[in-house]
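Before any comments, here is the structure.
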Amino acid sequence: MVFHLDKCIGCHTCSVACKNVWTDRPGAEYMWWNNVETKPGTGFPTKWEDQDKFQGGWEREAGGGLKLKSQNRWDAMLKLFYNPAQPNLDEYYEPWTYRYDDLFDAKEGDDQPTAIAISQITGEPIQIEKGPNWDDDLSGSPEYAEKDINLDSLSEDERNAMFEVERVSMMYLPRICNHCANPSCVAACPSGALYKRGEDGIVLIDQDRCRGWRACVAACPYKKIYFNWKTGKSEKCILCFPRLETGQAPACFHSCVGRIRYMGVLLYDADRVAAAGDVPDEALVESYRGALLDPNDPEVLAAARANGISDGFIEAAQRSPVWRYVCQWKLALPLHPEYRTFPMLFYVPPLLPIMGRTNGGMYEHDGSEFHTTFEQARLPIKYLASLFSAGNTDEIEIVMRKLAAVRAYKRAQELGDLDVDRVLSGLRGAGLTTDDAEAIFALTAIAPLDERFVLPPIQREEAMPSSCDAEHCKGSCGLGASQAPERGA
Amino acid sequence: MIDSFLLVFLLVGLPYVAVLGCIAGSIWRFRSARFSYSALSSQFLEDKSLVLGSLPWHLGIFVVLAGHAVAFLIPRVWAGLVSNPGFLWTVEAIGLAASVLALIGLTTLLVRRLTSGRVQAVTTPIDLTVLALLLAQVVLGILVAVQHSFGAAWATGTVSPYLWSLATLRPNPALVSDLPPLVQAHMALAWVLVLLIPFSRLVHIFSIPIAYLWRAPQLVVWANPRRFQGVEAAVLVPARRYFLRGVAAISVGGALLAAGTAGTFGRFFFGPRPSEKEQTKLDQEKLTRLRQTQREKELTLERARQRYIKIAKVKDLDTKKGRYFIDYEMRAALAFLGDDGLPLFISAKCTHLGCTVASDLDAQGRVLCPCHVSYFDIKTGMPNAGAPAKDPLPHIAWVLMDAKGDVVMRRGADGRTHGDLAPDQAALCDVYIAKREESV
């Protein structure tokens, strides 16, 4: 999966599509399997990126190898009855509705009847203090933006520059489950209820095996597993697998107004996944890219066929928009790779707003570059690096140069107001050919659905073991549940 | 006094109903409503008082249950250990501390459940029932520990064999039927809680994720196993390594456990069969026991029919050496000759846990209960200060009859004497006990 952040307009249509399809039911009101955050901001749940507090993800062991930051074998046993790293409802928000009946049933009087807010948990009137995207567009606010922990990497000067009112800048960050290749939630589940589906790598929770210990909630550094307070089970994004199995894009992909979302097949060697995360922070992005296999390499293809991967998947891997963004062009980067879960969702960092600092109300714009230099970017490179490359600013700068070069190239082509030689040398400097620039432009700006969503339908008949009666498979193969999922006693 | 039928039900019927109900209920629930298995934590809704309730409760009850389990599983080894007073004191102190910890936790949890609106949103009647019963059980347990101290010692001779008699399908409620009602209530409530496990949130006891200690970190499931068998095998190799390690660990544990219990089970199933001579001896013993039972029944019958039962001639009684007899309630009692030359009858059933006291008076005019060393003064019935028994042995009423069969003197259980007779005349009489309603 790739999300192109320059195209995101922050409309939350993806969140609403997901909410309507999956989480509009008691116990799940507060869940947003897909949410859109404003950065800089504290996100949802509040300050989820603070792993000193939430203890999610993997860390490197002194003797080599990775270990869970919390919820290791004995650690998990000790925390069964109380887990201090567990987020509580207040760190998300208390879901509410309004007492609409009052509008109709209120006794006749001098005052206009109102529908007061009531909690969807207790049914009692509540004072609303927080909502799922309470920091939306509030990037300059002290309450939200300044508490963003990604700002820790910035100097005092840089921070202040970011928060001068007229310089306030922001970006949107849509988030779903990353369906990581080395998921810490799966590793942390004491009951073994979480698993990665072999066919497509979707991370799922077997609701019949889940015992509600909530270790996954603590272990997922992205806080993309939610605890259903009513059924006592954990739930997460299922990447709309019932839709995938019938050849449809997930609801959030399908409804995306900015068409920022790309989905395709990536091939990787499962044995190399853990080792790929066992490198220093700065090398993580490159290490993860290296663990992905070239779908055009004959050796890789032979190995894939030997492992029973169907021709449909191999063909999809060769046409994969994700492979092109992540490995071929190296434009898309994983979110917080330092959590070492090998996320399978990659982001193209936003080029805008790139305009530089102001000086006495005027942009510092000397005209020598189409864009001001990246060192002066309003969204500091360091900030983007702390989001997408574990602090490695070189990675971000390479992406920025490429994005800017492609934009200048197309501008020169369409408007003819830039010096062609300088544009072409800019392309070369960014390591791109004109063909690359055209391809990047095509996939970014004008690609139709079948180029953005390249996945063969996973046939439902194939997905269901033939030994299993469909009636009995209910709930485990997208056919609904054979029993109402009700809270136990 | 608890009706004997009820007692048998509580001590024999209830345990079997509870254990079978627990097993059958768990299987039923696992097969028909697997989704409903959950720890049902409400930490997500309220975590500030949960930490003060859940942690002490689980820690405390774990220690307490572990103590109970050890005394049940290895009673002989345990009895040997607790015969050391230092060890006994330590165990009692740890047990009491843990149960107080559990009580504090449980109270916090109950208060939290009753006061937090969010938690109430996920509270069912059965949740409150279970909390209330657990609270009652812990309080009962603490009362037993305080009023009948050194349970770690006396339970090895009473409760442990009783539990083993249940486990080996040869229930023997007599082992515990004389225990104080407090202890019996504690046992009965425990069986009720066992029965409730599959039908309440207690079912999370079966969810403790032991397998997590050895399972492979990553889990891959193929939706279509047939087509990907080869791949699955490759993925499962590390899983198998962890699995084998786990199996090895369990095997070692199991072997140790098996070695510990093999003796008992082995003798039962494969032990030497008795020879003809031994069989005869066993049958003889059985016959003797049956005769004793018959005699007991006859005595019961006699007591039901007769207003008076003769105990002895007064002149045969002794001031230093008591004579045992069975009173109207079929309990052991002792007959002495008092300093006034009149009979002195006193119950011989220790008021601590019901052992029969010895018949010889010591220099201070006291009889000894050999079980837990309580001395009772026969004149007042009072135990010595610091004895495990707290209540006095009751005196028993008697009547004197002369040779013609006329009642010439009587003394009530309260010690008041009716009638006047010189000791030398009294010595000629026979002494009887009387039915309770006529004894005064």
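Letters for chains follow the order of the structure tokens (A, B, ...), residue numbers begin at 1 for each chain, and ligand numbers begin at 1 in the order shown.
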Could you list, with a cut-off of 7 Å and counting only C-alpha atoms, the residues of chain B near chain A, each shown with its nearest atom pair and the distance in Å rounded to one decimal, rows sorted by chain and ascending number, as CSV?
```
residue,atom,partner,partner_atom,distance
B:Arg34,CA,A:Asp208,CA,5.5
B:Phe35,CA,A:Asp208,CA,4.5
B:Ser36,CA,A:Gly488,CA,4.1
B:Tyr37,CA,A:Arg211,CA,6.0
B:Ser38,CA,A:Arg211,CA,4.0
B:Ala39,CA,A:Gly212,CA,5.4
B:Leu40,CA,A:Gly232,CA,4.9
B:Ser41,CA,A:Gly232,CA,6.8
B:Phe44,CA,A:Asn88,CA,4.4
B:Leu45,CA,A:Leu89,CA,5.6
B:Val51,CA,A:Tyr82,CA,6.1
B:Ser54,CA,A:Phe81,CA,6.1
B:Leu55,CA,A:Phe81,CA,6.1
B:Gly117,CA,A:Thr122,CA,6.1
B:Arg118,CA,A:Thr122,CA,5.6
B:Ala121,CA,A:Thr122,CA,5.6
B:Val122,CA,A:Lys230,CA,6.6
B:Ile126,CA,A:Ala489,CA,6.9
B:Phe199,CA,A:Ala489,CA,6.8
B:Ser200,CA,A:Ala489,CA,4.8
B:Arg201,CA,A:Ala489,CA,5.1
B:Ser207,CA,A:Arg211,CA,6.7
B:Pro209,CA,A:Pro190,CA,5.4
B:Tyr212,CA,A:Pro190,CA,4.9
B:Leu213,CA,A:Arg73,CA,5.2
B:Pro217,CA,A:Ala187,CA,4.4
B:Gln218,CA,A:Ala187,CA,5.2
B:Leu219,CA,A:Tyr195,CA,4.9
B:Val220,CA,A:Lys196,CA,4.7
B:Val221,CA,A:Arg197,CA,5.1
B:Trp222,CA,A:Gly198,CA,4.5
B:Ala223,CA,A:Ala463,CA,5.0
B:Asn224,CA,A:Pro465,CA,5.0
B:Pro225,CA,A:Pro465,CA,6.7
B:Phe228,CA,A:Gly308,CA,6.4
B:Val231,CA,A:Asn307,CA,6.0
```
Any chance you could export the current selection's C-alpha atoms as a PDB file, in the first residue's frame?
```
ATOM      1  CA  ARG B  34     -16.445 -19.902  21.952  1.00  0.00           C
ATOM      2  CA  PHE B  35     -16.698 -16.211  21.179  1.00  0.00           C
ATOM      3  CA  SER B  36     -17.888 -15.558  24.728  1.00  0.00           C
ATOM      4  CA  TYR B  37     -14.547 -16.667  26.233  1.00  0.00           C
ATOM      5  CA  SER B  38     -12.742 -13.519  27.299  1.00  0.00           C
ATOM      6  CA  ALA B  39     -10.947 -12.083  30.277  1.00  0.00           C
ATOM      7  CA  LEU B  40     -13.634  -9.343  30.062  1.00  0.00           C
ATOM      8  CA  SER B  41     -11.217  -6.762  31.343  1.00  0.00           C
ATOM      9  CA  PHE B  44     -10.010   0.171  29.119  1.00  0.00           C
ATOM     10  CA  LEU B  45     -13.030   1.884  30.688  1.00  0.00           C
ATOM     11  CA  VAL B  51      -4.896  -1.361  39.516  1.00  0.00           C
ATOM     12  CA  SER B  54      -7.115  -6.378  40.319  1.00  0.00           C
ATOM     13  CA  LEU B  55      -3.455  -6.681  41.280  1.00  0.00           C
ATOM     14  CA  GLY B 117     -20.770   4.454  35.513  1.00  0.00           C
ATOM     15  CA  ARG B 118     -18.608   3.161  32.687  1.00  0.00           C
ATOM     16  CA  ALA B 121     -22.283  -0.354  31.453  1.00  0.00           C
ATOM     17  CA  VAL B 122     -20.553  -3.737  31.182  1.00  0.00           C
ATOM     18  CA  ILE B 126     -23.813 -12.729  37.311  1.00  0.00           C
ATOM     19  CA  PHE B 199     -21.312 -19.898  33.638  1.00  0.00           C
ATOM     20  CA  SER B 200     -19.639 -16.677  34.705  1.00  0.00           C
ATOM     21  CA  ARG B 201     -16.609 -14.524  34.013  1.00  0.00           C
ATOM     22  CA  SER B 207      -7.813 -18.660  29.427  1.00  0.00           C
ATOM     23  CA  PRO B 209      -2.193 -18.182  28.115  1.00  0.00           C
ATOM     24  CA  TYR B 212       2.458 -18.091  24.974  1.00  0.00           C
ATOM     25  CA  LEU B 213       5.569 -19.049  26.901  1.00  0.00           C
ATOM     26  CA  PRO B 217       6.581 -15.333  17.704  1.00  0.00           C
ATOM     27  CA  GLN B 218       4.897 -15.049  14.316  1.00  0.00           C
ATOM     28  CA  LEU B 219       1.825 -16.929  13.217  1.00  0.00           C
ATOM     29  CA  VAL B 220       0.904 -17.401   9.565  1.00  0.00           C
ATOM     30  CA  VAL B 221      -2.384 -19.039   8.641  1.00  0.00           C
ATOM     31  CA  TRP B 222      -3.190 -20.026   5.090  1.00  0.00           C
ATOM     32  CA  ALA B 223      -6.816 -19.687   4.176  1.00  0.00           C
ATOM     33  CA  ASN B 224      -6.363 -22.649   1.842  1.00  0.00           C
ATOM     34  CA  PRO B 225      -4.152 -25.154   3.632  1.00  0.00           C
ATOM     35  CA  PHE B 228       0.065 -24.311   0.546  1.00  0.00           C
ATOM     36  CA  VAL B 231       4.909 -23.467   2.507  1.00  0.00           C
TER      37      VAL B 231
END
```
Residue neighbourhood range 240-244 of chain B, 10 Å, only C-alpha atoms, exclusion window fewer than 6 positions, as an MDAnalysis selection string: chainID B and resid 211 213:217 233 250
Could those selected residues go to a file with N, CA and C atoms, as a PDB file, in the first residue's frame?
```pdb
ATOM      1  N   ALA B 211       0.469 -21.245  26.829  1.00  0.00           N
ATOM      2  CA  ALA B 211       1.127 -21.605  25.569  1.00  0.00           C
ATOM      3  C   ALA B 211       1.978 -20.462  25.022  1.00  0.00           C
ATOM      4  N   LEU B 213       4.194 -18.947  26.426  1.00  0.00           N
ATOM      5  CA  LEU B 213       5.569 -19.049  26.901  1.00  0.00           C
ATOM      6  C   LEU B 213       6.463 -19.787  25.911  1.00  0.00           C
ATOM      7  N   TRP B 214       5.870 -20.574  25.021  1.00  0.00           N
ATOM      8  CA  TRP B 214       6.748 -21.300  24.097  1.00  0.00           C
ATOM      9  C   TRP B 214       6.343 -21.209  22.635  1.00  0.00           C
ATOM     10  N   ARG B 215       5.255 -20.499  22.329  1.00  0.00           N
ATOM     11  CA  ARG B 215       4.865 -20.516  20.926  1.00  0.00           C
ATOM     12  C   ARG B 215       5.806 -19.646  20.093  1.00  0.00           C
ATOM     13  N   ALA B 216       5.831 -19.910  18.767  1.00  0.00           N
ATOM     14  CA  ALA B 216       6.658 -19.133  17.856  1.00  0.00           C
ATOM     15  C   ALA B 216       6.135 -17.703  17.823  1.00  0.00           C
ATOM     16  N   PRO B 217       7.046 -16.718  17.639  1.00  0.00           N
ATOM     17  CA  PRO B 217       6.581 -15.333  17.704  1.00  0.00           C
ATOM     18  C   PRO B 217       5.588 -14.971  16.604  1.00  0.00           C
ATOM     19  N   ALA B 233       4.565 -25.951   5.977  1.00  0.00           N
ATOM     20  CA  ALA B 233       5.544 -26.765   6.691  1.00  0.00           C
ATOM     21  C   ALA B 233       6.792 -25.934   6.968  1.00  0.00           C
ATOM     22  N   ILE B 250       6.876 -29.363  29.662  1.00  0.00           N
ATOM     23  CA  ILE B 250       5.673 -29.924  30.285  1.00  0.00           C
ATOM     24  C   ILE B 250       5.930 -31.359  30.713  1.00  0.00           C
TER      25      ILE B 250
END
```
Residues within 10 Å of Asp148 in chain A, only C-alpha atoms, excluding chain neighbours under 6 positions, as a list in words: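 That gives Lys39, Pro40, Gly41, Thr42, Gly43, Thr46, Lys47, Trp48, Glu49, Asp50, Ser139 and Pro142 of chain A.
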Secondary structure check, helix (DSSP H, G or I) residues of range 184-314 of chain A, as a ChimeraX atom specification: /A:184-188,215-219,241-244,251-255,270-276,281-291,298-306,311-314
Selection: 7 Å around Pro457 in chain A, only C-alpha atoms, excl. self and same-chain fewer than 5 positions, as a ChimeraX atom specification: /A:244-247
Selection above as a file: N, CA and C atoms, as an mmCIF file, in the first residue's frame:
```cif
data_model
loop_
_atom_site.group_PDB
_atom_site.id
_atom_site.type_symbol
_atom_site.label_atom_id
_atom_site.label_comp_id
_atom_site.auth_asym_id
_atom_site.auth_seq_id
_atom_site.Cartn_x
_atom_site.Cartn_y
_atom_site.Cartn_z
ATOM 1 N N LEU A 244 -11.756 -7.516 -0.982
ATOM 2 C CA LEU A 244 -10.603 -7.967 -1.768
ATOM 3 C C LEU A 244 -10.896 -9.308 -2.432
ATOM 4 N N GLU A 245 -11.591 -10.177 -1.686
ATOM 5 C CA GLU A 245 -11.837 -11.522 -2.208
ATOM 6 C C GLU A 245 -12.788 -11.509 -3.397
ATOM 7 N N THR A 246 -13.475 -10.384 -3.585
ATOM 8 C CA THR A 246 -14.330 -10.293 -4.767
ATOM 9 C C THR A 246 -13.800 -9.241 -5.742
ATOM 10 N N GLY A 247 -12.498 -8.936 -5.609
ATOM 11 C CA GLY A 247 -11.870 -8.066 -6.590
ATOM 12 C C GLY A 247 -12.171 -6.590 -6.413
#
```
Using only C-alpha atoms: which of B:Ser359, B:Thr129, B:Ser160, B:Ser275 has the shortest distance to Leu196 in chain B: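 Smallest distance to Leu196 in chain B is found for B:Thr129.
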All strand (DSSP E or B) positions in range 178-244 of chain A, as number ranges by chain: A: 194-197, 203-205, 225-228, 233-236
Output file for the selection above: N, CA and C atoms, as a compact mmCIF listing (two decimals), in the first residue's frame:
```
# COMPACT_ATOMS: atom_id res chain seq x y z
N LEU A 194 -4.05 -13.69 16.95
CA LEU A 194 -3.68 -12.86 15.81
C LEU A 194 -2.82 -13.68 14.85
N TYR A 195 -3.03 -13.46 13.57
CA TYR A 195 -2.20 -14.15 12.59
C TYR A 195 -2.10 -13.34 11.33
N LYS A 196 -1.11 -13.69 10.53
CA LYS A 196 -0.94 -13.05 9.24
C LYS A 196 -1.43 -14.04 8.20
N ARG A 197 -2.35 -13.60 7.34
CA ARG A 197 -2.91 -14.53 6.39
C ARG A 197 -1.87 -14.83 5.32
N VAL A 203 -3.25 -8.91 8.35
CA VAL A 203 -3.17 -9.29 9.75
C VAL A 203 -4.59 -9.31 10.33
N LEU A 204 -4.98 -10.45 10.88
CA LEU A 204 -6.36 -10.63 11.36
C LEU A 204 -6.37 -11.15 12.79
N ILE A 205 -7.51 -10.95 13.44
CA ILE A 205 -7.70 -11.49 14.80
C ILE A 205 -8.79 -12.55 14.73
N ILE A 225 -4.85 -1.31 16.88
CA ILE A 225 -5.74 -2.37 17.36
C ILE A 225 -6.58 -1.75 18.46
N TYR A 226 -7.85 -1.99 18.39
CA TYR A 226 -8.78 -1.36 19.32
C TYR A 226 -9.47 -2.44 20.13
N PHE A 227 -9.75 -2.11 21.39
CA PHE A 227 -10.43 -3.06 22.28
C PHE A 227 -11.92 -2.76 22.28
N ASN A 228 -12.73 -3.72 21.88
CA ASN A 228 -14.18 -3.55 21.92
C ASN A 228 -14.63 -3.71 23.36
N LYS A 233 -13.33 -8.11 23.23
CA LYS A 233 -12.40 -8.67 22.24
C LYS A 233 -11.70 -7.51 21.54
N SER A 234 -10.50 -7.79 21.01
CA SER A 234 -9.79 -6.76 20.26
C SER A 234 -10.18 -6.83 18.79
N GLU A 235 -10.18 -5.68 18.15
CA GLU A 235 -10.55 -5.63 16.74
C GLU A 235 -9.58 -4.72 15.99
N LYS A 236 -9.49 -4.93 14.71
CA LYS A 236 -8.59 -4.09 13.91
C LYS A 236 -9.05 -4.05 12.47
```
Exercise: range 381-383 of chain B partners within 9 Å, only C-alpha atoms, chain neighbours under 2 positions left out, as a ChimeraX atom specification: /B:346-347,366,374-379,385-395
Skipping near chain neighbours, those fewer than 5 positions away, what residues fall within 8 Å of Ala348 in chain B using only C-alpha atoms, listed as a PDB file with C-alpha atoms, in the first residue's frame?
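In the end it all went to around.pdb:
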```pdb
ATOM      1  CA  ARG B 331     -21.137 -38.400  71.959  1.00  0.00           C
ATOM      2  CA  ALA B 332     -18.296 -39.552  74.147  1.00  0.00           C
ATOM      3  CA  ALA B 333     -18.468 -38.482  77.760  1.00  0.00           C
ATOM      4  CA  LEU B 334     -16.550 -39.163  80.999  1.00  0.00           C
ATOM      5  CA  THR B 356     -12.145 -37.289  72.407  1.00  0.00           C
ATOM      6  CA  VAL B 357     -10.280 -36.114  75.493  1.00  0.00           C
ATOM      7  CA  ALA B 358      -8.208 -38.459  77.649  1.00  0.00           C
ATOM      8  CA  LEU B 393     -16.694 -28.838  78.094  1.00  0.00           C
TER       9      LEU B 393
END
```
Test item: residues at most 12 Å from Asn20 in chain A, only C-alpha atoms, excluding those fewer than 2 positions along its chain, as a PyMOL selection string: chain A and resi 13-18+22-25+28-29+31-34+251-252+255
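Using only C-alpha atoms, the smallest distance between any of B:Leu128, B:Leu11, B:Leu301, B:Ala69 and Leu110 in chain B comes from B:Leu128.
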For Ala317 in chain A, the nearest of the candidates A:Tyr383, A:Pro343, A:Leu455, A:Asn160, counting only C-alpha atoms: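 Closest candidate: A:Leu455.
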Shortest interatomic distance to Tyr347 in chain A - which of A:Glu37, A:Asp157, A:Asp6, A:Asp105, counting only C-alpha atoms: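 The shortest atom-to-atom distance to Tyr347 in chain A comes from A:Asp6.
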